[in-house]
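Shown below: input.cif, with mmCIF, C-alpha atoms.
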data_input
#
loop_
_atom_site.label_atom_id
_atom_site.label_comp_id
_atom_site.auth_asym_id
_atom_site.auth_seq_id
_atom_site.Cartn_x
_atom_site.Cartn_y
_atom_site.Cartn_z
CA MET A 12 42.35 -37.75 5.24
CA THR A 13 42.27 -36.96 1.54
CA ILE A 14 45.27 -34.94 0.42
CA THR A 15 45.92 -33.63 -3.06
CA ILE A 16 49.22 -33.36 -4.90
CA LYS A 17 48.93 -30.64 -7.52
CA GLN A 18 50.59 -30.52 -10.92
CA GLY A 19 54.05 -29.01 -10.44
CA ASP A 20 54.28 -29.71 -6.69
CA ILE A 21 57.80 -30.46 -5.52
CA GLY A 22 58.90 -32.38 -2.43
CA GLU A 23 58.69 -29.34 -0.17
CA ASN A 24 55.10 -28.68 -1.27
CA VAL A 25 54.08 -32.27 -0.60
CA ALA A 26 55.75 -32.24 2.81
CA ALA A 27 53.97 -29.00 3.75
CA THR A 28 50.59 -30.41 2.60
CA LEU A 29 51.06 -33.55 4.69
CA GLN A 30 51.89 -31.55 7.82
CA ARG A 31 49.04 -29.07 7.25
CA SER A 32 46.60 -31.98 6.91
CA GLY A 33 47.85 -33.70 10.07
CA VAL A 34 49.17 -36.74 8.20
CA VAL A 35 52.75 -36.21 9.42
CA LYS A 36 53.88 -34.31 12.47
CA ASP A 37 56.91 -32.59 10.96
CA SER A 38 57.28 -31.67 7.28
CA LYS A 39 61.06 -31.38 7.71
CA VAL A 40 61.35 -35.03 8.71
CA PHE A 41 59.30 -36.09 5.68
CA TYR A 42 61.33 -33.87 3.36
CA LYS A 43 64.59 -35.25 4.74
CA LEU A 44 63.33 -38.75 3.96
CA LEU A 45 62.52 -37.60 0.42
CA LEU A 46 66.05 -36.31 -0.08
CA ALA A 47 67.31 -39.75 0.86
CA SER A 48 64.95 -41.35 -1.68
CA PRO A 49 66.02 -39.87 -5.05
CA ASP A 50 63.98 -42.34 -7.10
CA VAL A 51 60.64 -41.26 -5.64
CA GLN A 52 58.30 -39.43 -8.02
CA PHE A 53 54.87 -38.08 -7.15
CA GLN A 54 51.88 -38.33 -9.47
CA PRO A 55 49.35 -35.49 -9.27
CA GLY A 56 46.08 -36.59 -7.76
CA SER A 57 44.24 -37.17 -4.51
CA TYR A 58 45.25 -39.81 -1.99
CA ALA A 59 43.48 -41.34 1.00
CA LEU A 60 45.87 -41.33 3.96
CA LYS A 61 45.57 -41.62 7.70
CA LYS A 62 46.29 -38.92 10.23
CA GLU A 63 49.42 -39.14 12.37
CA MET A 64 51.36 -41.47 10.08
CA SER A 65 55.10 -41.88 10.22
CA SER A 66 56.95 -40.14 7.39
CA LYS A 67 58.05 -43.52 6.05
CA SER A 68 54.47 -44.86 6.02
CA ALA A 69 53.12 -41.69 4.42
CA LEU A 70 55.72 -41.82 1.66
CA ALA A 71 54.92 -45.48 0.98
CA ALA A 72 51.20 -44.71 0.88
CA LEU A 73 51.72 -41.96 -1.69
CA GLN A 74 53.54 -44.45 -3.92
CA ASP A 75 50.68 -46.96 -3.74
CA GLU A 76 48.16 -46.53 -6.59
CA ASP A 77 45.52 -48.25 -4.46
CA ASN A 78 45.43 -45.12 -2.29
CA ARG A 79 44.51 -42.81 -5.18
CA VAL A 80 40.92 -41.60 -5.00
CA GLN A 81 38.59 -39.36 -6.97
CA ALA A 82 38.22 -36.69 -4.31
CA SER A 83 35.64 -33.93 -4.46
CA ILE A 84 34.76 -30.65 -2.82
CA ILE A 85 31.18 -31.14 -1.62
CA ILE A 86 29.16 -28.00 -0.94
CA PRO A 87 25.76 -28.59 0.73
CA GLU A 88 23.01 -25.99 0.31
CA GLY A 89 23.42 -23.13 2.75
CA THR A 90 27.18 -23.54 3.21
CA ALA A 91 28.99 -20.29 3.91
CA LEU A 92 32.03 -19.02 2.01
CA ALA A 93 34.29 -19.52 5.02
CA ASP A 94 33.48 -23.24 5.09
CA ILE A 95 33.91 -23.62 1.34
CA LYS A 96 37.34 -22.04 1.57
CA ALA A 97 38.29 -24.43 4.38
CA GLY A 98 37.16 -27.36 2.24
CA MET A 99 39.31 -26.19 -0.66
CA VAL A 100 42.34 -26.07 1.62
CA SER A 101 41.72 -29.52 3.11
CA LYS A 102 40.67 -31.28 -0.11
CA ALA A 103 42.34 -29.56 -3.06
CA GLY A 104 45.88 -29.17 -1.72
CA LEU A 105 45.65 -25.39 -1.82
CA THR A 106 47.03 -23.08 0.83
CA LYS A 107 44.85 -20.73 2.86
CA LYS A 108 46.79 -17.82 1.39
CA GLU A 109 45.99 -18.95 -2.17
CA VAL A 110 42.30 -19.46 -1.43
CA ASP A 111 41.91 -16.17 0.47
CA ALA A 112 43.60 -14.24 -2.34
CA ALA A 113 41.39 -15.86 -4.99
CA ALA A 114 38.24 -15.15 -2.95
CA LYS A 115 39.14 -11.46 -2.74
CA ASP A 116 39.85 -11.10 -6.46
CA LEU A 117 36.22 -10.49 -7.43
CA ALA A 118 37.16 -9.00 -10.78
CA ALA A 119 38.21 -12.48 -11.95
CA TYR A 120 34.67 -13.87 -11.98
CA ASP A 121 32.66 -11.46 -14.14
CA LEU A 122 30.20 -10.65 -11.37
CA PRO A 123 27.58 -7.90 -11.59
CA SER A 124 28.69 -4.45 -10.52
CA GLY A 125 28.24 -3.79 -6.84
CA VAL A 126 28.95 -7.36 -5.71
CA THR A 127 31.29 -7.17 -2.71
CA THR A 128 31.85 -10.84 -1.87
CA LEU A 129 31.84 -14.32 -3.38
CA GLU A 130 29.39 -15.30 -0.64
CA GLY A 131 26.21 -16.52 -2.28
CA TRP A 132 27.74 -16.93 -5.74
CA LEU A 133 29.18 -20.43 -5.21
CA PHE A 134 26.57 -22.95 -6.27
CA PRO A 135 26.13 -25.88 -3.86
CA ALA A 136 27.23 -29.02 -5.71
CA THR A 137 29.99 -31.63 -5.87
CA TYR A 138 33.14 -30.43 -7.63
CA PRO A 139 35.78 -33.05 -8.56
CA ILE A 140 39.33 -32.29 -7.51
CA ASN A 141 41.53 -31.28 -10.42
CA PRO A 142 45.18 -31.34 -9.25
CA GLY A 143 46.12 -28.83 -11.94
CA TRP A 144 43.60 -26.19 -10.90
CA THR A 145 44.22 -22.99 -8.99
CA ALA A 146 41.88 -21.65 -6.34
CA GLU A 147 40.62 -19.13 -8.88
CA GLN A 148 39.65 -21.94 -11.28
CA TYR A 149 37.63 -23.73 -8.59
CA PHE A 150 35.81 -20.52 -7.66
CA ALA A 151 35.20 -19.71 -11.33
CA SER A 152 33.60 -23.13 -11.82
CA MET A 153 31.32 -22.58 -8.82
CA VAL A 154 30.35 -19.08 -9.96
CA ASP A 155 29.66 -20.24 -13.53
CA THR A 156 27.48 -23.03 -12.17
CA MET A 157 25.49 -20.52 -10.09
CA LYS A 158 25.00 -18.30 -13.16
CA GLU A 159 23.71 -21.32 -15.13
CA HIS A 160 21.18 -22.17 -12.42
CA LEU A 161 20.04 -18.56 -12.12
CA ALA A 162 19.50 -18.45 -15.89
CA THR A 163 17.56 -21.72 -15.76
CA ALA A 164 15.36 -20.20 -13.05
CA GLY A 165 14.64 -17.25 -15.33
CA VAL A 166 16.55 -14.69 -13.25
CA LYS A 167 17.65 -11.69 -15.32
CA GLU A 168 21.21 -10.50 -14.87
CA ALA A 169 20.03 -7.24 -13.33
CA ASP A 170 18.16 -9.22 -10.65
CA GLN A 171 20.84 -11.81 -9.88
CA GLU A 172 22.39 -10.18 -6.81
CA ARG A 173 19.07 -9.42 -5.10
CA THR A 174 17.82 -12.93 -5.88
CA ILE A 175 20.92 -14.49 -4.35
CA VAL A 176 20.74 -12.30 -1.23
CA PHE A 177 17.06 -13.17 -0.76
CA ALA A 178 17.57 -16.88 -1.53
CA SER A 179 20.51 -17.09 0.88
CA LEU A 180 18.20 -15.88 3.65
CA VAL A 181 15.42 -18.34 2.77
CA GLN A 182 17.99 -21.14 2.55
CA LYS A 183 19.04 -20.56 6.17
CA GLU A 184 15.57 -19.93 7.62
CA ALA A 185 13.44 -22.61 5.92
CA GLY A 186 13.37 -26.24 7.00
CA LEU A 187 11.09 -28.58 5.05
CA ALA A 188 11.18 -28.31 1.26
CA ALA A 189 7.47 -27.47 1.12
CA ASP A 190 8.04 -24.48 3.42
CA TYR A 191 10.61 -22.65 1.27
CA PRO A 192 8.04 -20.81 -0.90
CA LYS A 193 6.04 -19.92 2.24
CA VAL A 194 9.10 -18.51 4.01
CA ALA A 195 9.90 -16.49 0.88
CA ARG A 196 6.34 -15.13 0.92
CA VAL A 197 6.60 -14.12 4.59
CA PHE A 198 9.75 -12.10 3.93
CA GLN A 199 8.34 -10.58 0.74
CA ASN A 200 5.15 -9.57 2.57
CA ARG A 201 7.26 -7.93 5.25
CA LEU A 202 9.32 -6.07 2.66
CA ASP A 203 6.15 -4.92 0.88
CA GLN A 204 4.68 -3.59 4.13
CA GLY A 205 7.86 -1.89 5.29
CA MET A 206 8.33 -4.28 8.21
CA LYS A 207 11.76 -5.35 9.37
CA LEU A 208 12.61 -8.92 8.40
CA GLN A 209 13.73 -9.85 11.93
CA SER A 210 15.78 -12.84 10.79
CA ASP A 211 18.02 -14.46 13.38
CA ALA A 212 20.04 -16.03 10.57
CA THR A 213 21.15 -12.62 9.32
CA VAL A 214 22.07 -11.48 12.83
CA ALA A 215 24.08 -14.65 13.45
CA TYR A 216 25.93 -14.25 10.16
CA GLY A 217 26.89 -10.70 11.07
CA THR A 218 28.42 -11.95 14.31
CA GLY A 219 30.54 -14.44 12.38
CA ASN A 220 28.42 -17.47 13.27
CA THR A 221 27.68 -19.37 10.05
CA HIS A 222 26.49 -22.64 11.58
CA THR A 223 23.43 -21.77 13.69
CA VAL A 224 20.67 -19.18 13.68
CA THR A 225 20.43 -18.70 17.44
CA THR A 226 21.02 -15.19 18.74
CA THR A 227 20.91 -13.32 22.03
CA ASP A 228 18.90 -10.24 23.02
CA ALA A 229 22.09 -8.18 22.93
CA GLU A 230 22.97 -9.40 19.43
CA ARG A 231 19.50 -8.61 18.13
CA ALA A 232 19.79 -5.09 19.55
CA ASP A 233 23.25 -4.42 18.11
CA ALA A 234 22.88 -1.71 15.45
CA SER A 235 26.60 -1.93 14.56
CA ASN A 236 25.88 -5.29 12.92
CA GLU A 237 24.92 -4.29 9.36
CA TYR A 238 23.34 -7.74 8.87
CA ASN A 239 21.00 -7.19 11.83
CA THR A 240 17.54 -7.20 10.24
CA TYR A 241 15.95 -6.62 13.66
CA VAL A 242 17.42 -3.11 13.53
CA HIS A 243 18.04 -2.38 9.85
CA GLU A 244 15.30 -2.36 7.23
CA GLY A 245 15.23 -4.42 4.07
CA LEU A 246 17.39 -7.34 2.97
CA PRO A 247 20.89 -7.78 4.40
CA PRO A 248 23.66 -5.98 2.47
CA ALA A 249 25.04 -9.22 0.98
CA PRO A 250 24.24 -12.96 0.93
CA ILE A 251 24.51 -14.94 4.17
CA SER A 252 24.99 -18.37 2.58
CA ASN A 253 25.25 -20.09 -0.79
CA PRO A 254 21.70 -21.06 -1.80
CA GLY A 255 20.60 -23.99 -3.93
CA ASP A 256 17.86 -24.45 -6.51
CA ILE A 257 15.01 -24.87 -4.03
CA ALA A 258 15.72 -21.51 -2.37
CA ILE A 259 16.25 -19.73 -5.70
CA LYS A 260 12.97 -21.10 -7.01
CA ALA A 261 11.20 -20.08 -3.79
CA VAL A 262 12.12 -16.41 -4.13
CA THR A 263 11.34 -16.32 -7.85
CA ALA A 264 7.97 -18.00 -7.28
CA PRO A 265 6.89 -17.57 -3.64
CA ALA A 266 3.69 -19.13 -2.34
CA SER A 267 0.48 -17.13 -2.17
CA GLY A 268 -0.51 -16.00 1.31
CA LYS A 269 -0.79 -13.11 3.75
CA TRP A 270 1.57 -14.57 6.33
CA LEU A 271 3.85 -12.21 8.23
CA TYR A 272 5.25 -14.65 10.79
CA PHE A 273 6.47 -18.23 11.03
CA VAL A 274 7.92 -20.44 13.73
CA THR A 275 9.00 -24.08 13.77
CA VAL A 276 6.90 -25.78 16.43
CA ASP A 277 8.50 -29.24 16.30
CA LEU A 278 12.26 -29.40 15.89
CA GLU A 279 12.22 -33.12 15.17
CA SER A 280 9.65 -33.13 12.37
CA GLY A 281 10.38 -29.61 11.17
CA GLU A 282 6.69 -28.66 11.32
CA THR A 283 6.37 -24.90 10.92
CA VAL A 284 3.33 -22.70 11.56
CA PHE A 285 2.73 -19.63 9.39
CA SER A 286 0.57 -16.81 10.78
CA ASP A 287 -1.11 -13.70 9.38
CA THR A 288 -1.24 -11.81 12.66
CA TYR A 289 0.99 -11.35 15.68
CA ASP A 290 -1.66 -12.80 18.01
CA GLN A 291 -1.79 -15.97 15.90
CA HIS A 292 1.98 -16.07 15.96
CA LEU A 293 2.05 -15.88 19.77
CA VAL A 294 -0.19 -18.96 19.93
CA ALA A 295 2.26 -20.81 17.67
CA VAL A 296 5.21 -19.64 19.78
CA GLU A 297 3.52 -21.02 22.90
CA ARG A 298 3.07 -24.31 21.09
CA PHE A 299 6.80 -24.34 20.33
CA GLN A 300 7.66 -23.51 23.93
CA ALA A 301 5.44 -26.37 25.07
CA TRP A 302 7.31 -28.66 22.70
CA LEU A 303 10.60 -27.55 24.21
CA ARG A 304 9.31 -28.22 27.73
CA ALA A 305 8.27 -31.70 26.63
CA HIS A 306 11.73 -32.35 25.13
CA PRO A 307 14.17 -30.95 27.73
CA ASP A 308 17.06 -33.02 26.41
CA TYR A 309 16.68 -31.97 22.78
CA GLN A 310 19.91 -30.63 21.35
#
Can the structure from this file be put into structure tokens for me?
Amino acid sequence: MTITIKQGDIGENVAATLQRSGVVKDSKVFYKLLLASPDVQFQPGSYALKKEMSSKSALAALQDEDNRVQASIIIPEGTALADIKAGMVSKAGLTKKEVDAAAKDLAAYDLPSGVTTLEGWLFPATYPINPGWTAEQYFASMVDTMKEHLATAGVKEADQERTIVFASLVQKEAGLAADYPKVARVFQNRLDQGMKLQSDATVAYGTGNTHTVTTTDAERADASNEYNTYVHEGLPPAPISNPGDIAIKAVTAPASGKWLYFVTVDLESGETVFSDTYDQHLVAVERFQAWLRAHPDYQ
């Protein structure tokens, strides 16, 4: 485990962090040991410890400079806000209450009017742990980084929110890098023709599932899910993930084509077939089903 001692943390804070991270079983036992060790001083920073240590071993490990590490919050492309918040709690020594409060305080990040969530605005990257930072400072760094990448991609401020919503969808639906602009074109063609997007990724997000894009017939028919693009027209009401450069570029410069459908026909290689018509799409779907029959143990 990597745990972080923040600037200004006292013994009780450290004890609570160790228990929350599973390093020690009981924070009270660790704190009692601290009270009996008046010469102990903690240096802010991140430390590599093991889970289920004794309080004595954990205290000794925190005093050993060899255990100090340069920890980071790593955000892969397509990560959802909920998972980023969990990473901030586990890596940055912040409490869930602190992170949740900072995520709700949208006015702190100079976002465009109408933005209702930090989802989508946290650029996927590696952010070093700064023991003196608050949750708000981490989020501000992520938001500022996203704004920089949007500007580099030529996205005007008035178009930022729509671009992020669209890119968040492409990020979850596309597989191979070469397919991102094609997936963006499929969804744009559908929008232009007044067709529903019919994205399983949006439906799954609306159910609270941020890790897969599989859905059931009942979920796809649920009109109460405002993210259900099988029922509701247009883009989802807010981003469904935090997109990276490749997805942002795809929606700002989609491929040329008349495709209206796509389906991945080989889950191992990621090969995806793009079709202009529904009949062509059905042929591709049958190919995918044949692949599944030939790989019954594929997970």
* Counting all atoms listed in the file, which residues come within 10 Å of (28.8, -23.7, 10.1), with the point read in the file's coordinates, and could you list them as a PyMOL selection string? -> chain A and resi 89-94+216+219-224+252
Mind dumping the selected residues with C-alpha atoms as a PDB file, in the coordinates of the input?
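After the write, selection.pdb holds the following:
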ATOM      1  CA  GLY A  89      23.420 -23.130   2.750  1.00  0.00           C
ATOM      2  CA  THR A  90      27.180 -23.540   3.210  1.00  0.00           C
ATOM      3  CA  ALA A  91      28.990 -20.290   3.910  1.00  0.00           C
ATOM      4  CA  LEU A  92      32.030 -19.020   2.010  1.00  0.00           C
ATOM      5  CA  ALA A  93      34.290 -19.520   5.020  1.00  0.00           C
ATOM      6  CA  ASP A  94      33.480 -23.240   5.090  1.00  0.00           C
ATOM      7  CA  TYR A 216      25.930 -14.250  10.160  1.00  0.00           C
ATOM      8  CA  GLY A 219      30.540 -14.440  12.380  1.00  0.00           C
ATOM      9  CA  ASN A 220      28.420 -17.470  13.270  1.00  0.00           C
ATOM     10  CA  THR A 221      27.680 -19.370  10.050  1.00  0.00           C
ATOM     11  CA  HIS A 222      26.490 -22.640  11.580  1.00  0.00           C
ATOM     12  CA  THR A 223      23.430 -21.770  13.690  1.00  0.00           C
ATOM     13  CA  VAL A 224      20.670 -19.180  13.680  1.00  0.00           C
ATOM     14  CA  SER A 252      24.990 -18.370   2.580  1.00  0.00           C
TER      15      SER A 252
END
* Just so the selection is clear, what residues does the PyMOL selection byres ((chain A and resi 75) around 12) cover here, as a list in words? ->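 Checking the PyMOL selection byres ((chain A and resi 75) around 12) against this file, the residues are Val51, Gln52, Phe53, Gln54, Ser57, Tyr58, Ala59, Leu60, Ser68, Ala69, Leu70, Ala71, Ala72, Leu73, Gln74, Glu76, Asp77, Asn78, Arg79 and Val80 of chain A.
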* Find the distance between CA of Arg298 (chain A) and CA of Gly217 (chain A) and write it in Å to one decimal. => 29.2 Å
* Which distance in Å separates CA of Ala234 (chain A) and CA of Phe285 (chain A), to one decimal? ->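 Interatomic distance, CA of Ala234 (chain A) to CA of Phe285 (chain A): 27.6 Å.
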* Can you tell me how far CA of Glu282 (chain A) sits from CA of Pro265 (chain A), in Å to one decimal? ->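 Distance between the two atoms: 18.6 Å.
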* Find the spatial neighbours of Glu147 (chain A), counting only C-alpha atoms, within a cut-off of 9 Å - ignore same-chain residues fewer than 6 positions away - and output them as a VMD selection string. => chain A and resid 109 to 110 112 to 114 116 119 to 120
* Asked: Which of these residues is nearest to Lys260 (chain A), using only C-alpha atoms: A:Phe41, A:Thr174, A:Ser152, A:Leu105?
  -> A:Thr174
* Closest of A:Asp290, A:Lys183, A:Thr227, A:Pro248 to Val126 (chain A) - atom-to-atom distances counting only C-alpha atoms ->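 When distances to Val126 (chain A) are compared using only C-alpha atoms, the smallest one comes from A:Pro248.
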* Asked: Looking at A:Lys269, A:Glu244, A:Ile95, A:Val214, which one is nearest to Ala232 (chain A), with distances taken over all atoms listed in the file?
  -> A:Val214
* To do: Find the residues around Asn24 (chain A) up to 12 Å (all atoms listed in the file counted), leave out those fewer than 2 positions away in its own chain, and share them as a PyMOL selection string.
  => chain A and resi 14-22+26-31+38-39+41-42+45+53+55+104-106
* Asked: So which residues get picked by the PyMOL selection byres ((chain A and resi 84) around 6) here, written as a list of chain:residue names?
  ->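 That expression, the PyMOL selection byres ((chain A and resi 84) around 6), corresponds here to A:Ser83, A:Ile85, A:Thr137, A:Tyr138.
Distance annotation: of A:Thr156, A:Asn200, A:Gln171, A:Gln148, the residue with the minimal separation from Asp287 (chain A) is A:Asn200; atom set is only C-alpha atoms.
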* Asked: Could you name the residues that touch Asp190 (chain A) at 10 Å or less, counting all atoms listed in the file, but leaving out those on the same chain fewer than 5 positions away, as JSON, numbers by chain?
  -> {"A": [181, 184, 185, 195, 196, 261, 265, 266, 273, 281, 282, 283, 284, 285]}
Determine the residue membership of the PyMOL selection byres ((chain A and resi 259) around 10) for the file above and supply it as a PDB file with C-alpha atoms, in the coordinates of the input.
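The resulting file, part.pdb, is shown below:
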ATOM      1  CA  HIS A 160      21.180 -22.170 -12.420  1.00  0.00           C
ATOM      2  CA  LEU A 161      20.040 -18.560 -12.120  1.00  0.00           C
ATOM      3  CA  ALA A 164      15.360 -20.200 -13.050  1.00  0.00           C
ATOM      4  CA  VAL A 166      16.550 -14.690 -13.250  1.00  0.00           C
ATOM      5  CA  THR A 174      17.820 -12.930  -5.880  1.00  0.00           C
ATOM      6  CA  ILE A 175      20.920 -14.490  -4.350  1.00  0.00           C
ATOM      7  CA  VAL A 176      20.740 -12.300  -1.230  1.00  0.00           C
ATOM      8  CA  PHE A 177      17.060 -13.170  -0.760  1.00  0.00           C
ATOM      9  CA  ALA A 178      17.570 -16.880  -1.530  1.00  0.00           C
ATOM     10  CA  SER A 179      20.510 -17.090   0.880  1.00  0.00           C
ATOM     11  CA  VAL A 181      15.420 -18.340   2.770  1.00  0.00           C
ATOM     12  CA  GLN A 182      17.990 -21.140   2.550  1.00  0.00           C
ATOM     13  CA  TYR A 191      10.610 -22.650   1.270  1.00  0.00           C
ATOM     14  CA  PRO A 192       8.040 -20.810  -0.900  1.00  0.00           C
ATOM     15  CA  ALA A 195       9.900 -16.490   0.880  1.00  0.00           C
ATOM     16  CA  PRO A 254      21.700 -21.060  -1.800  1.00  0.00           C
ATOM     17  CA  GLY A 255      20.600 -23.990  -3.930  1.00  0.00           C
ATOM     18  CA  ASP A 256      17.860 -24.450  -6.510  1.00  0.00           C
ATOM     19  CA  ILE A 257      15.010 -24.870  -4.030  1.00  0.00           C
ATOM     20  CA  ALA A 258      15.720 -21.510  -2.370  1.00  0.00           C
ATOM     21  CA  LYS A 260      12.970 -21.100  -7.010  1.00  0.00           C
ATOM     22  CA  ALA A 261      11.200 -20.080  -3.790  1.00  0.00           C
ATOM     23  CA  VAL A 262      12.120 -16.410  -4.130  1.00  0.00           C
ATOM     24  CA  THR A 263      11.340 -16.320  -7.850  1.00  0.00           C
ATOM     25  CA  ALA A 264       7.970 -18.000  -7.280  1.00  0.00           C
ATOM     26  CA  PRO A 265       6.890 -17.570  -3.640  1.00  0.00           C
TER      27      PRO A 265
END
* To do: Kindly indicate which residue among A:Gln204, A:Thr128, A:Ser280, A:Asn253 lies nearest to Pro87 (chain A), using only C-alpha atoms for the distances.
  => A:Asn253
* Asked: Given the choices A:Ala229, A:Met157, A:Val197, A:Val34, which gets closest to Gly131 (chain A) if the distance is worked out from only C-alpha atoms?
  -> A:Met157
